[in-house]
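K.L.:
Let me give you the structure first, and then I'll get to my questions.
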Amino acid sequence: MGKQKVLLTGASGSMGGEAFNELLRRKDKYNVRLFLRPSNKNKKAFNKYEGQEGIEIVWGDLSKIDDVLKAVNGVERVIHPAALISPEADHSTKLCNQTNRVGTENIIEAIKQQPGGSDNISLVTISSIAIYGDRLPPKHWVKVGDPLKPSVGDYYAITKMGAERAVVESGLKHWAVMRQTFITIPNILSLMDPIMFHQPPETHIEFITSQDAGYGLVQTLECPNDFYGRVYNMSGGPSCRVVFSDYLDRFFHLLGMKDFAKYVPRNWMAARNFHCSWYMDSWILNKYLGHWRQSYDDHVKQVEQAMPLILKTKAAALAPPFAVRLFLKPMAETLKWLKDDDKEKVCAFFGSREKWEQIGSWDKYSFERDTRDLRTDVDPLTKKYSLSDVQQLAKSRGGECLSKEYKDIQTKMKWKCAFGHEWEATPKLLIVGHWCPKCTPPPWNYDATAKADGALADIYYFNHDKNESQCVPYLFCPIE
């Protein structure tokens with residue numbers, strides 16, 4: 001049996017780069033084609049591979065169908081982690097949409113244009129757990145099927161939702177979607193970014209190392225047929241669960257700065273409106289891929305090994321706390337929002353200025369430690385459904401199923417939301433958490449939709465008041 005030809009997008013990213021390394025280790029089984037942007041950085045990094053046996057590079061743009069057709073032509077497998085991620089995505093909305101949503105749609109179209117492509121070419125694409133939105137305690141346990149609620153202003157998550165919808169509804173025979181969690185990399189300085197302050201300290205994170213993410217992506221090439229047609233949460237598993245404040249504290253300790261609370265005031269950090277959580281069903285994907293190889297402690301060791309020599313000396317510990325605060329303060333965008341009286345951002349991330357003023361010091365910070373390993377035994381896409389089941393699903397979202405006949409979860413039906421919008425979609429799309437496309441942001445209007453959507457209300461009102469009324473088309477940059 002000859003080697004299969006695999007197309008990999010995004011090899012210049014953390015997950016895609018590790019996937020490429022893993023494919024190189026399996027050159028006896030796969031011929032690899034990379035699809036990369038022809039940037040100077042990419043050319044410098046990948047030119048050395050051009051002309052090597054079993055490796056081919058197609059330079060192009062995901063948003064251009066002709067480029068994508070060249071990349072897909074003649075391949076048997078497509079693994080697609082390429083994406084424009086936050087924080088860049090927050091400020092380049094057109095590029096974000098063109099890369100994440102349009103790029104995925106172009107890959108689907110290119111597969112369909114291949115002879116027998118819809119039936120024979122497999123597509124594994126990377127979505128994001130950002131589409132679940134804000135899931136702080138006690139709603140920090142997440143599973144596929146939960147309502148999707150991208151955080152206010154998170155346009156990256158919106159484009160990932162659109163890409164995921166396109167894949168699920170594509171009609172391709174062999175597709176899979178993996179909702180990727182936070183990918184850790186050894187570079188500790190990557191934490192030094194304003195987005196650090198967008199995260200509430202009690203955010204529960206079930207991360208994955210970049211090596212395990214890339215390994216898992218390539219492992220999909222080894223999966224049986226029943227792997228396909230499903231949506232998964234991808235993480236590093238229980239050994240990679242941590243609370244953000246503990247995560248920060250551990251890495252400040254690595255730098256010699258014990259007790260990070262001395263360096264980062266509590267009210268510099270948001271109170272809500274980020275993402276990340278712990279997963280009740282991430283074990284399902286691991287059953288197929290076996291990618292749970294590295295733990296939190298392994299990640300810490302990787303960071304220690306990669307630290308610049310000056311940081312390994314723990315010289316940072318010599319800096320007094322006030323000096324460290326002066327260094328970090330310009331990164332704390334939350335303070336700028338308050339200073340500029342940016343009411344929409346303050347509302348989204350704190351609730352109001354008054355609620356921000358009530359946050360207080362770290363002495364008042366507390367939450368109940370969760371030592372459970374909650375697991376769901378049910379994959380919603382392997383259950384059998386009836387017309388009554390999908391009618392009840394629509395009812396749980398405040399809407400109704402308009403179709404009177406049910407065939408299977410792959411056959412489109414008609415739906416209506418609480419606001420009178422009607423559309424067609426497969427039950428499968430709704431089962432994995434999607435709902436009305438017209439109610440999907442932008443604009444972000446959860447204060448209105450949660451009043452009509454009971455399933456959404458259950459994961460919204462635990463940290464929102466029913467008298468809030470925010471409705472915004474964007475937070476960070478007008479959407480082009």
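Each chain in the structure tokens gets a letter, A, B and so on, in the order shown; residues start at 1 in every chain, and ligands are counted from 1 in the order they appear.
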Compile the contact shell of stretch 75-89 of chain A as a PyMOL selection string: residues with an atom at most 8 Å away, counting only C-alpha atoms, same-chain residues fewer than 2 positions apart removed.
P.N.:
chain A and resi 4-11+13+15-16+72-73+91-93+95-96+99-100+120-126+155-156+195+217-218+221
K.L.:
Contacts of A:Tyr385 at 12 Å or less, counting only C-alpha atoms, minus same-chain residues fewer than 4 places along, as a PDB file with N, CA and C atoms, in the first residue's frame?
P.N.:
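Written out: out-v7.pdb:
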ATOM      1  N   PRO A 380     -23.134  12.855  22.670  1.00  0.00           N
ATOM      2  CA  PRO A 380     -24.458  13.147  22.099  1.00  0.00           C
ATOM      3  C   PRO A 380     -24.602  12.757  20.635  1.00  0.00           C
ATOM      4  N   LEU A 381     -23.492  12.610  19.922  1.00  0.00           N
ATOM      5  CA  LEU A 381     -23.598  12.272  18.501  1.00  0.00           C
ATOM      6  C   LEU A 381     -23.611  10.773  18.247  1.00  0.00           C
ATOM      7  N   ASP A 389     -37.390  13.906  20.384  1.00  0.00           N
ATOM      8  CA  ASP A 389     -36.129  14.360  20.982  1.00  0.00           C
ATOM      9  C   ASP A 389     -35.691  15.706  20.414  1.00  0.00           C
ATOM     10  N   VAL A 390     -35.748  15.851  19.099  1.00  0.00           N
ATOM     11  CA  VAL A 390     -35.282  17.104  18.502  1.00  0.00           C
ATOM     12  C   VAL A 390     -36.285  18.234  18.755  1.00  0.00           C
ATOM     13  N   GLN A 391     -37.561  17.891  18.891  1.00  0.00           N
ATOM     14  CA  GLN A 391     -38.555  18.896  19.267  1.00  0.00           C
ATOM     15  C   GLN A 391     -38.257  19.421  20.666  1.00  0.00           C
ATOM     16  N   GLN A 392     -37.895  18.519  21.563  1.00  0.00           N
ATOM     17  CA  GLN A 392     -37.560  18.919  22.933  1.00  0.00           C
ATOM     18  C   GLN A 392     -36.287  19.751  22.966  1.00  0.00           C
ATOM     19  N   LEU A 393     -35.332  19.430  22.101  1.00  0.00           N
ATOM     20  CA  LEU A 393     -34.106  20.217  22.015  1.00  0.00           C
ATOM     21  C   LEU A 393     -34.426  21.654  21.634  1.00  0.00           C
ATOM     22  N   TYR A 406     -38.980  13.303  10.824  1.00  0.00           N
ATOM     23  CA  TYR A 406     -37.579  13.179  11.205  1.00  0.00           C
ATOM     24  C   TYR A 406     -36.992  11.945  10.532  1.00  0.00           C
ATOM     25  N   LYS A 407     -35.833  12.115   9.880  1.00  0.00           N
ATOM     26  CA  LYS A 407     -35.166  10.989   9.238  1.00  0.00           C
ATOM     27  C   LYS A 407     -33.946  10.549  10.036  1.00  0.00           C
ATOM     28  N   ASP A 408     -33.002  11.478  10.222  1.00  0.00           N
ATOM     29  CA  ASP A 408     -31.798  11.213  11.010  1.00  0.00           C
ATOM     30  C   ASP A 408     -31.149  12.551  11.332  1.00  0.00           C
ATOM     31  N   ILE A 409     -30.062  12.538  12.098  1.00  0.00           N
ATOM     32  CA  ILE A 409     -29.470  13.808  12.523  1.00  0.00           C
ATOM     33  C   ILE A 409     -28.661  14.477  11.425  1.00  0.00           C
ATOM     34  N   GLN A 410     -28.471  13.785  10.281  1.00  0.00           N
ATOM     35  CA  GLN A 410     -27.752  14.386   9.153  1.00  0.00           C
ATOM     36  C   GLN A 410     -28.677  15.084   8.159  1.00  0.00           C
ATOM     37  N   PRO A 427     -30.204  18.390  12.620  1.00  0.00           N
ATOM     38  CA  PRO A 427     -30.253  18.239  14.074  1.00  0.00           C
ATOM     39  C   PRO A 427     -28.856  18.110  14.677  1.00  0.00           C
ATOM     40  N   LYS A 428     -27.945  17.510  13.939  1.00  0.00           N
ATOM     41  CA  LYS A 428     -26.569  17.333  14.442  1.00  0.00           C
ATOM     42  C   LYS A 428     -25.964  18.673  14.836  1.00  0.00           C
ATOM     43  N   ILE A 431     -27.448  19.708  18.084  1.00  0.00           N
ATOM     44  CA  ILE A 431     -27.050  18.799  19.162  1.00  0.00           C
ATOM     45  C   ILE A 431     -25.682  19.180  19.727  1.00  0.00           C
TER      46      ILE A 431
END
K.L.:
Which residues are close to A:Phe462, i.e. within 12 Å by only C-alpha atoms, leaving aside same-chain residues fewer than 2 positions away? Reply as a list in words.
P.N.:
Asp134, Arg135, Leu136, Pro137, Pro138, Lys139, His140, Arg272, Ala450, Leu456, Ala457, Asp458, Ile459, Tyr460, His464, Asp465 and Lys466 of chain A
K.L.:
List as a PyMOL selection string the protein and nucleic acid residues near A:Phe244, meaning an atom at most 6 Å away when only C-alpha atoms are counted, but skip any in the same chain fewer than 4 places from it.
P.N.:
chain A and resi 201-203
K.L.:
Write out the residues from the selection above, keeping N, CA and C atoms, as a JSON list (two decimals), in the first residue's frame.
P.N.:
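Generated file (result_31.json):
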[["chain", "number", "residue", "atom", "x", "y", "z"],
["A", 201, "PRO", "N", -9.25, 35.59, 37.67],
["A", 201, "PRO", "CA", -8.28, 34.71, 38.32],
["A", 201, "PRO", "C", -8.83, 33.32, 38.62],
["A", 202, "GLU", "N", -10.17, 33.19, 38.79],
["A", 202, "GLU", "CA", -10.75, 31.88, 39.09],
["A", 202, "GLU", "C", -11.09, 31.09, 37.84],
["A", 203, "THR", "N", -10.66, 31.53, 36.67],
["A", 203, "THR", "CA", -10.86, 30.79, 35.43],
["A", 203, "THR", "C", -10.25, 29.39, 35.56]]
K.L.:
Contacts of stretch 294-306 of chain A at 10 Å or less, counting only C-alpha atoms, minus same-chain residues fewer than 2 places along, as a ChimeraX atom specification?
P.N.:
/A:184-189,206-212,236-242,247,250-251,254-255,291-292,308-309,311-312
K.L.:
For those residues, write N, CA and C atoms to a file as a JSON list (two decimals), in the first residue's frame.
P.N.:
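Below is the file that was written, part.json:
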[["chain", "number", "residue", "atom", "x", "y", "z"],
["A", 184, "THR", "N", -0.38, 25.50, 25.59],
["A", 184, "THR", "CA", 0.77, 26.08, 26.28],
["A", 184, "THR", "C", 2.03, 25.85, 25.46],
["A", 185, "ILE", "N", 2.90, 26.82, 25.55],
["A", 185, "ILE", "CA", 4.21, 26.73, 24.89],
["A", 185, "ILE", "C", 5.28, 27.01, 25.94],
["A", 186, "PRO", "N", 6.53, 26.60, 25.70],
["A", 186, "PRO", "CA", 7.58, 26.77, 26.72],
["A", 186, "PRO", "C", 7.99, 28.21, 27.00],
["A", 187, "ASN", "N", 7.64, 29.14, 26.15],
["A", 187, "ASN", "CA", 8.08, 30.52, 26.30],
["A", 187, "ASN", "C", 7.28, 31.23, 27.39],
["A", 188, "ILE", "N", 7.85, 31.38, 28.57],
["A", 188, "ILE", "CA", 7.14, 31.99, 29.69],
["A", 188, "ILE", "C", 6.80, 33.45, 29.43],
["A", 189, "LEU", "N", 7.59, 34.11, 28.59],
["A", 189, "LEU", "CA", 7.34, 35.52, 28.30],
["A", 189, "LEU", "C", 6.06, 35.73, 27.50],
["A", 206, "GLU", "N", -8.17, 23.73, 31.40],
["A", 206, "GLU", "CA", -7.69, 22.37, 31.13],
["A", 206, "GLU", "C", -6.90, 22.46, 29.82],
["A", 207, "PHE", "N", -5.62, 22.78, 29.94],
["A", 207, "PHE", "CA", -4.80, 23.12, 28.79],
["A", 207, "PHE", "C", -4.27, 21.88, 28.10],
["A", 208, "ILE", "N", -3.50, 22.09, 27.07],
["A", 208, "ILE", "CA", -2.76, 21.03, 26.40],
["A", 208, "ILE", "C", -1.43, 21.61, 25.95],
["A", 209, "THR", "N", -0.37, 20.83, 26.01],
["A", 209, "THR", "CA", 0.91, 21.31, 25.51],
["A", 209, "THR", "C", 0.89, 21.29, 23.98],
["A", 210, "SER", "N", 1.72, 22.11, 23.40],
["A", 210, "SER", "CA", 1.76, 22.17, 21.93],
["A", 210, "SER", "C", 2.18, 20.83, 21.34],
["A", 211, "GLN", "N", 3.08, 20.12, 22.03],
["A", 211, "GLN", "CA", 3.52, 18.82, 21.53],
["A", 211, "GLN", "C", 2.38, 17.81, 21.50],
["A", 212, "ASP", "N", 1.58, 17.78, 22.56],
["A", 212, "ASP", "CA", 0.45, 16.84, 22.59],
["A", 212, "ASP", "C", -0.63, 17.25, 21.60],
["A", 236, "GLY", "N", -5.56, 18.44, 27.35],
["A", 236, "GLY", "CA", -4.54, 17.53, 27.85],
["A", 236, "GLY", "C", -5.03, 16.62, 28.96],
["A", 237, "GLY", "N", -6.31, 16.74, 29.33],
["A", 237, "GLY", "CA", -6.89, 15.84, 30.32],
["A", 237, "GLY", "C", -6.75, 16.32, 31.75],
["A", 238, "PRO", "N", -7.18, 15.49, 32.70],
["A", 238, "PRO", "CA", -7.20, 15.89, 34.12],
["A", 238, "PRO", "C", -5.86, 16.35, 34.67],
["A", 239, "SER", "N", -4.75, 15.80, 34.18],
["A", 239, "SER", "CA", -3.44, 16.19, 34.71],
["A", 239, "SER", "C", -3.03, 17.59, 34.25],
["A", 240, "CYS", "N", -3.82, 18.19, 33.37],
["A", 240, "CYS", "CA", -3.54, 19.53, 32.87],
["A", 240, "CYS", "C", -4.57, 20.54, 33.36],
["A", 241, "ARG", "N", -5.29, 20.21, 34.42],
["A", 241, "ARG", "CA", -6.29, 21.13, 34.97],
["A", 241, "ARG", "C", -5.64, 22.05, 36.00],
["A", 242, "VAL", "N", -5.99, 23.32, 35.91],
["A", 242, "VAL", "CA", -5.41, 24.31, 36.83],
["A", 242, "VAL", "C", -6.36, 25.50, 36.89],
["A", 247, "TYR", "N", -1.96, 29.13, 38.39],
["A", 247, "TYR", "CA", -1.03, 29.05, 37.26],
["A", 247, "TYR", "C", -0.06, 30.23, 37.29],
["A", 250, "ARG", "N", 2.42, 29.98, 40.21],
["A", 250, "ARG", "CA", 3.51, 29.00, 40.01],
["A", 250, "ARG", "C", 4.60, 29.58, 39.12],
["A", 251, "PHE", "N", 4.20, 30.33, 38.11],
["A", 251, "PHE", "CA", 5.22, 30.85, 37.19],
["A", 251, "PHE", "C", 5.91, 32.09, 37.75],
["A", 254, "LEU", "N", 8.62, 30.59, 39.67],
["A", 254, "LEU", "CA", 9.75, 30.20, 38.82],
["A", 254, "LEU", "C", 10.72, 31.35, 38.62],
["A", 255, "LEU", "N", 10.18, 32.54, 38.61],
["A", 255, "LEU", "CA", 11.02, 33.74, 38.42],
["A", 255, "LEU", "C", 11.61, 34.23, 39.73],
["A", 291, "HIS", "N", -3.56, 11.09, 23.14],
["A", 291, "HIS", "CA", -2.69, 12.27, 23.17],
["A", 291, "HIS", "C", -2.45, 12.82, 24.57],
["A", 292, "TRP", "N", -3.04, 12.21, 25.59],
["A", 292, "TRP", "CA", -2.79, 12.66, 26.96],
["A", 292, "TRP", "C", -1.45, 12.12, 27.43],
["A", 308, "PRO", "N", 15.31, 31.98, 29.43],
["A", 308, "PRO", "CA", 16.60, 32.64, 29.21],
["A", 308, "PRO", "C", 17.45, 32.59, 30.49],
["A", 309, "LEU", "N", 18.74, 32.56, 30.33],
["A", 309, "LEU", "CA", 19.65, 32.41, 31.46],
["A", 309, "LEU", "C", 19.41, 33.48, 32.52],
["A", 311, "LEU", "N", 16.70, 34.85, 33.40],
["A", 311, "LEU", "CA", 15.53, 34.53, 34.21],
["A", 311, "LEU", "C", 15.80, 33.34, 35.12],
["A", 312, "LYS", "N", 16.65, 32.42, 34.67],
["A", 312, "LYS", "CA", 16.98, 31.26, 35.50],
["A", 312, "LYS", "C", 17.73, 31.67, 36.77]]
K.L.:
Restricting the calculation to only C-alpha atoms: of A:Glu50, A:Leu326, A:Met331, A:Thr440, which residue gets closest to A:Leu191?
P.N.:
A:Met331
K.L.:
What separation in Å, quoted to one decimal, exists between atom CA of A:Tyr446 and atom CA of A:Glu164?
P.N.:
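Taking atom CA of A:Tyr446 and atom CA of A:Glu164, their separation equals 20.8 Å.
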K.L.:
Excluding A:Glu344 and residues on its chain fewer than 2 positions from it, collect all residues at most 8 Å away from it, counting only C-alpha atoms, and give them as a PyMOL selection string.
P.N.:
chain A and resi 342+346-348+470+472+475
K.L.:
Please list as a VMD selection string every residue within 8 Å of A:Gly153, counting only C-alpha atoms and excluding residues in the same chain fewer than 5 positions away.
P.N.:
chain A and resid 90 444 473 to 476
K.L.:
Restrict the selected residues to N, CA and C atoms and save them as an mmCIF file, in the first residue's frame.
P.N.:
data_model
loop_
_atom_site.group_PDB
_atom_site.id
_atom_site.type_symbol
_atom_site.label_atom_id
_atom_site.label_comp_id
_atom_site.auth_asym_id
_atom_site.auth_seq_id
_atom_site.Cartn_x
_atom_site.Cartn_y
_atom_site.Cartn_z
ATOM 1 N N ASP A 90 -8.609 40.175 17.384
ATOM 2 C CA ASP A 90 -9.509 41.212 17.893
ATOM 3 C C ASP A 90 -9.360 42.521 17.139
ATOM 4 N N TRP A 444 -23.683 41.258 20.043
ATOM 5 C CA TRP A 444 -23.801 40.473 21.269
ATOM 6 C C TRP A 444 -24.974 41.019 22.058
ATOM 7 N N PRO A 473 -22.200 45.794 18.864
ATOM 8 C CA PRO A 473 -21.766 45.171 17.612
ATOM 9 C C PRO A 473 -20.310 44.729 17.658
ATOM 10 N N TYR A 474 -19.519 45.329 18.562
ATOM 11 C CA TYR A 474 -18.105 44.963 18.724
ATOM 12 C C TYR A 474 -17.588 45.602 20.000
ATOM 13 N N LEU A 475 -16.425 45.160 20.462
ATOM 14 C CA LEU A 475 -15.772 45.780 21.604
ATOM 15 C C LEU A 475 -14.424 46.387 21.261
ATOM 16 N N PHE A 476 -13.651 45.688 20.435
ATOM 17 C CA PHE A 476 -12.261 46.081 20.230
ATOM 18 C C PHE A 476 -12.006 46.771 18.891
#
K.L.:
Check the DSSP output for the backbone and give back, as a ChimeraX atom specification, the residues of stretch 5-240 of chain A in helix (DSSP H, G or I).
P.N.:
/A:14-25,40-49,65-72,88-91,93-112,117-120,129-132,155-168,188-191,194-198,210-222,225-227,238-240
K.L.:
Counting only C-alpha atoms, which of A:Glu405, A:Asp379, A:Met161, A:Gln98 gets nearest to A:Phe227?
P.N.:
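So, comparing all the options, the nearest one is A:Asp379.
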K.L.:
Atom CA of A:Met280 and atom CA of A:Tyr365, how far apart in Å?
P.N.:
26.1 Å
K.L.:
Hey, what does DSSP flag as strand (DSSP E or B) within stretch 69-261 of chain A? Can you give it to me as a VMD selection string?
P.N.:
chain A and resid 77 to 80 122 to 128 141 to 142 175 to 180 183 to 184 204 to 206 208 to 209 230 to 234 241 to 243
K.L.:
In terms of the shortest atom-to-atom distance over only C-alpha atoms, which of A:Ser388, A:Asn47, A:Thr313, A:Gln219 is closest to A:Gly256?
P.N.:
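That would be A:Thr313, the residue with the smallest distance to A:Gly256.
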K.L.:
Given only C-alpha atoms as the basis, pick out the residue of A:Gly214, A:Gly351, A:Gly399, A:Gly133 nearest to A:Ile183.
P.N.:
A:Gly214
